[in-house]
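Q: One file is attached below, my_file06.csv, containing CSV, C-alpha atoms.
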```csv
chain,number,residue,atom,x,y,z
A,1,MET,CA,0.0,0.0,0.0
A,2,PRO,CA,1.5,3.4,-1.0
A,3,THR,CA,2.4,5.7,1.9
A,4,ILE,CA,1.4,9.0,0.2
A,5,ALA,CA,-2.2,9.4,-1.1
A,6,TYR,CA,-4.4,12.4,-1.9
A,7,GLU,CA,-5.5,12.8,1.8
A,8,ASP,CA,-1.9,13.4,2.8
A,9,LEU,CA,-1.4,16.3,0.4
A,10,THR,CA,-3.0,19.1,2.3
A,11,PRO,CA,-2.6,22.8,1.5
A,12,GLY,CA,0.5,24.2,3.1
A,13,ARG,CA,2.4,20.9,3.5
A,14,THR,CA,5.9,21.1,2.2
A,15,PHE,CA,8.3,18.3,1.1
A,16,ASP,CA,12.1,18.4,1.1
A,17,LEU,CA,13.1,16.6,-2.2
A,18,GLY,CA,16.7,16.5,-1.3
A,19,GLU,CA,19.7,18.1,-3.0
A,20,VAL,CA,21.5,17.5,-6.2
A,21,LYS,CA,24.8,18.6,-7.5
A,22,VAL,CA,24.7,19.7,-11.2
A,23,ASP,CA,27.0,17.3,-13.1
A,24,ARG,CA,28.8,19.0,-16.0
A,25,ALA,CA,28.8,15.8,-18.2
A,26,GLU,CA,25.1,15.1,-17.6
A,27,MET,CA,24.3,18.8,-18.2
A,28,LEU,CA,26.2,18.8,-21.5
A,29,ALA,CA,24.7,15.5,-22.7
A,30,PHE,CA,21.2,16.8,-22.1
A,31,ALA,CA,21.9,20.0,-23.9
A,32,GLU,CA,23.5,18.2,-26.9
A,33,ARG,CA,20.4,16.1,-27.2
A,34,PHE,CA,17.5,18.4,-26.2
A,35,ASP,CA,18.6,22.1,-26.0
A,36,PRO,CA,21.7,22.7,-28.1
A,37,GLN,CA,21.9,26.4,-27.7
A,38,PRO,CA,25.5,27.7,-27.7
A,39,PHE,CA,25.5,28.9,-24.0
A,40,HIS,CA,24.5,25.4,-22.9
A,41,LEU,CA,27.3,23.8,-24.9
A,42,ASP,CA,30.3,26.1,-25.0
A,43,GLU,CA,32.2,27.9,-22.2
A,44,GLU,CA,33.1,30.9,-24.3
A,45,ALA,CA,29.6,31.3,-25.7
A,46,GLY,CA,28.2,31.1,-22.2
A,47,ARG,CA,30.7,33.8,-21.0
A,48,ASN,CA,29.7,36.0,-23.8
A,49,SER,CA,26.0,35.6,-23.2
A,50,VAL,CA,23.8,37.5,-20.6
A,51,LEU,CA,24.0,34.2,-18.6
A,52,GLY,CA,27.7,34.8,-17.7
A,53,GLY,CA,28.9,31.3,-18.3
A,54,LEU,CA,28.2,27.8,-19.5
A,55,CYS,CA,24.8,27.0,-17.9
A,56,ALA,CA,22.2,24.3,-17.7
A,57,SER,CA,19.2,24.3,-19.9
A,58,GLY,CA,16.1,25.2,-17.8
A,59,TRP,CA,14.6,21.9,-19.0
A,60,PHE,CA,17.6,20.0,-17.5
A,61,THR,CA,17.1,21.8,-14.2
A,62,ALA,CA,13.4,20.9,-14.2
A,63,SER,CA,14.4,17.3,-14.9
A,64,LEU,CA,16.6,17.3,-11.8
A,65,TRP,CA,13.7,18.5,-9.8
A,66,MET,CA,11.5,15.8,-11.3
A,67,ARG,CA,13.9,13.1,-10.2
A,68,GLY,CA,13.7,14.4,-6.6
A,69,TYR,CA,9.9,14.4,-6.8
A,70,VAL,CA,9.9,10.8,-8.0
A,71,ASP,CA,12.3,9.6,-5.4
A,72,HIS,CA,10.8,11.4,-2.4
A,73,VAL,CA,7.0,11.4,-3.3
A,74,LEU,CA,5.8,9.6,-6.4
A,75,ALA,CA,7.7,6.3,-5.9
A,76,ASP,CA,5.6,5.6,-2.8
A,77,SER,CA,2.3,7.2,-3.7
A,78,THR,CA,-1.0,6.8,-5.5
A,79,SER,CA,0.1,9.1,-8.3
A,80,GLN,CA,-2.0,9.1,-11.4
A,81,GLY,CA,0.0,11.6,-13.5
A,82,SER,CA,-0.5,15.2,-14.2
A,83,PRO,CA,-2.7,17.2,-16.7
A,84,GLY,CA,-0.2,20.0,-16.8
A,85,GLY,CA,0.6,23.3,-15.2
A,86,ASN,CA,0.3,27.0,-15.5
A,87,GLU,CA,3.7,28.5,-14.5
A,88,LEU,CA,7.3,27.8,-15.2
A,89,ALA,CA,10.0,30.3,-14.3
A,90,TRP,CA,13.8,29.9,-14.7
A,91,LEU,CA,14.8,32.7,-12.2
A,92,ALA,CA,18.6,32.4,-12.4
A,93,PRO,CA,21.1,30.5,-14.5
A,94,VAL,CA,22.3,27.2,-13.1
A,95,PHE,CA,26.0,26.2,-13.6
A,96,PRO,CA,28.1,23.0,-13.4
A,97,GLY,CA,28.9,22.2,-9.8
A,98,ASP,CA,25.9,24.1,-8.3
A,99,VAL,CA,24.2,22.3,-5.5
A,100,LEU,CA,20.4,22.7,-5.7
A,101,GLN,CA,18.0,22.2,-2.8
A,102,LEU,CA,14.7,20.8,-4.2
A,103,GLY,CA,11.4,21.3,-2.6
A,104,MET,CA,7.6,21.5,-3.1
A,105,GLU,CA,4.6,22.9,-1.4
A,106,ILE,CA,1.0,21.9,-1.7
A,107,ASN,CA,-1.2,24.9,-2.7
A,108,SER,CA,-4.6,23.4,-2.9
A,109,GLN,CA,-6.5,20.1,-3.3
A,110,ARG,CA,-9.9,19.0,-4.5
A,111,ARG,CA,-11.6,15.8,-5.3
A,112,SER,CA,-12.5,15.1,-8.9
A,113,HIS,CA,-16.2,15.5,-9.6
A,114,SER,CA,-16.3,12.8,-12.2
A,115,LYS,CA,-14.0,10.3,-10.5
A,116,PRO,CA,-14.6,10.2,-6.7
A,117,ASN,CA,-11.5,8.1,-6.1
A,118,LEU,CA,-9.2,10.7,-7.6
A,119,GLY,CA,-7.9,14.0,-6.2
A,120,LEU,CA,-6.3,16.9,-7.9
A,121,VAL,CA,-3.5,18.7,-6.1
A,122,GLU,CA,-1.9,22.0,-7.1
A,123,ILE,CA,1.8,21.9,-6.3
A,124,THR,CA,4.6,24.5,-6.5
A,125,GLY,CA,8.0,23.0,-7.2
A,126,THR,CA,11.2,24.9,-6.4
A,127,ALA,CA,15.0,24.6,-6.7
A,128,ASP,CA,17.3,26.9,-4.7
A,129,ARG,CA,21.0,27.5,-4.8
A,130,ASP,CA,22.5,28.9,-1.6
A,131,GLY,CA,19.1,30.4,-0.7
A,132,GLU,CA,18.5,31.9,-4.1
A,133,ARG,CA,15.5,30.5,-6.0
A,134,VAL,CA,16.6,29.4,-9.5
A,135,LEU,CA,13.4,27.4,-10.5
A,136,ARG,CA,9.8,27.7,-9.7
A,137,PHE,CA,6.8,26.1,-11.4
A,138,THR,CA,3.2,25.3,-10.6
A,139,PHE,CA,1.3,22.3,-11.8
A,140,VAL,CA,-1.6,20.0,-11.0
A,141,ALA,CA,-1.0,16.4,-10.0
A,142,MET,CA,-3.5,13.6,-9.7
A,143,PHE,CA,-3.5,11.2,-6.8
A,144,GLY,CA,-5.7,8.3,-5.9
A,145,THR,CA,-7.6,8.5,-2.6
A,146,ARG,CA,-7.6,6.0,0.2
A,147,GLY,CA,-11.3,5.6,0.2
```
Please lay out the structure from this file as structure tokens.
A:
Amino acid sequence: MPTIAYEDLTPGRTFDLGEVKVDRAEMLAFAERFDPQPFHLDEEAGRNSVLGGLCASGWFTASLWMRGYVDHVLADSTSQGSPGGNELAWLAPVFPGDVLQLGMEINSQRRSHSKPNLGLVEITGTADRDGERVLRFTFVAMFGTRG
């Protein structure tokens, strides 16, 4: 039986999703495959950009958050996926070697009108570097209920 269900995801509850160190090789491999912009692939191009150095794709940073979410919440939950979100903000560039603290907060919850054993939960996910927020996004997740 999963530990985390809809009933556990009450507004105001926060989750520490751990921390992750940004690995340069992983960051570059992701950029090469999915976001091959020069400032994600080349040191000099990064230095010459408004970002100030070789930096991670925002999608890579979001993927690091997703791994923490799976490991700390979804793997032991009644998760039923997500219909999407309404906010995604890359607030500061992320660089190789940065250590990111990952977290999330439950904003709201409601039971599905058409599926009574399903709850919808609005979540804000965050990543911080030394107290500076570098990623914030809001989305809705679906979780099964206990009863």
Q: Given all atoms listed in the file as the basis, pick out the residue of A:Ala75, A:Leu120, A:Val140, A:Val20 nearest to Ala62 of chain A.
A: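 Closest to Ala62 of chain A of all the choices is A:Val20.
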Q: Taking into account all atoms listed in the file, which residue in the set A:Asp128, A:Glu44, A:Asp76, A:Asp71 is nearest to Leu102 of chain A?
A: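 The shortest atom-to-atom distance to Leu102 of chain A comes from A:Asp128.
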Q: Compare A:Thr126, A:Thr145, A:Thr14, A:Thr3 by their minimum atom-to-atom distance to Met66 of chain A, counting only C-alpha atoms, and give me the closest one.
A: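 Of A:Thr126, A:Thr145, A:Thr14, A:Thr3, the one nearest Met66 of chain A is A:Thr126, counting only C-alpha atoms.
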Q: If you count only C-alpha atoms, which residues fall within 12 Å of segment 30-36 of chain A, apart from same-chain ones fewer than 6 positions away, as a list in words?
A: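 Near neighbours after the sequence-gap exclusion: Val22, Asp23, Arg24, Asp42, Ala45, Leu54, Cys55, Ala56, Ser57, Gly58, Trp59, Phe60, Thr61, Ala62, Ser63 and Leu64 of chain A.
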Q: Could you jot down the atom CA of Pro96 of chain A to atom CA of Arg47 of chain A separation for me, Å, one decimal place?
A: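 Computing it gives 13.5 Å between the two atoms.
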Q: Nearest to Leu41 of chain A among A:Met27, A:Leu91, A:Ala141, A:Ala5, with distances taken over all atoms listed in the file: which residue is it?
A: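 Closest candidate: A:Met27.
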Q: Which of these, A:Phe139, A:Phe39, A:Tyr6, A:Trp65, has the shortest distance to Phe95 of chain A once you count all atoms listed in the file?
A: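 Checking each of A:Phe139, A:Phe39, A:Tyr6, A:Trp65 against Phe95 of chain A, counting all atoms listed in the file, the winner is A:Phe39.
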Q: What separation in Å, quoted to one decimal, exists between atom CA of Gln37 of chain A and atom CA of Val50 of chain A?
A: 13.3 Å
Q: How many Å lie between atom CA of Ser77 of chain A and atom CA of Asp130 of chain A, rounded to one decimal?
A: 29.7 Å
Q: Which one is closest to Asp16 of chain A: A:Val70, A:Met104, A:Val99, A:Leu88? Count all atoms listed in the file.
A: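 For Asp16 of chain A, the nearest of the given residues is A:Met104.
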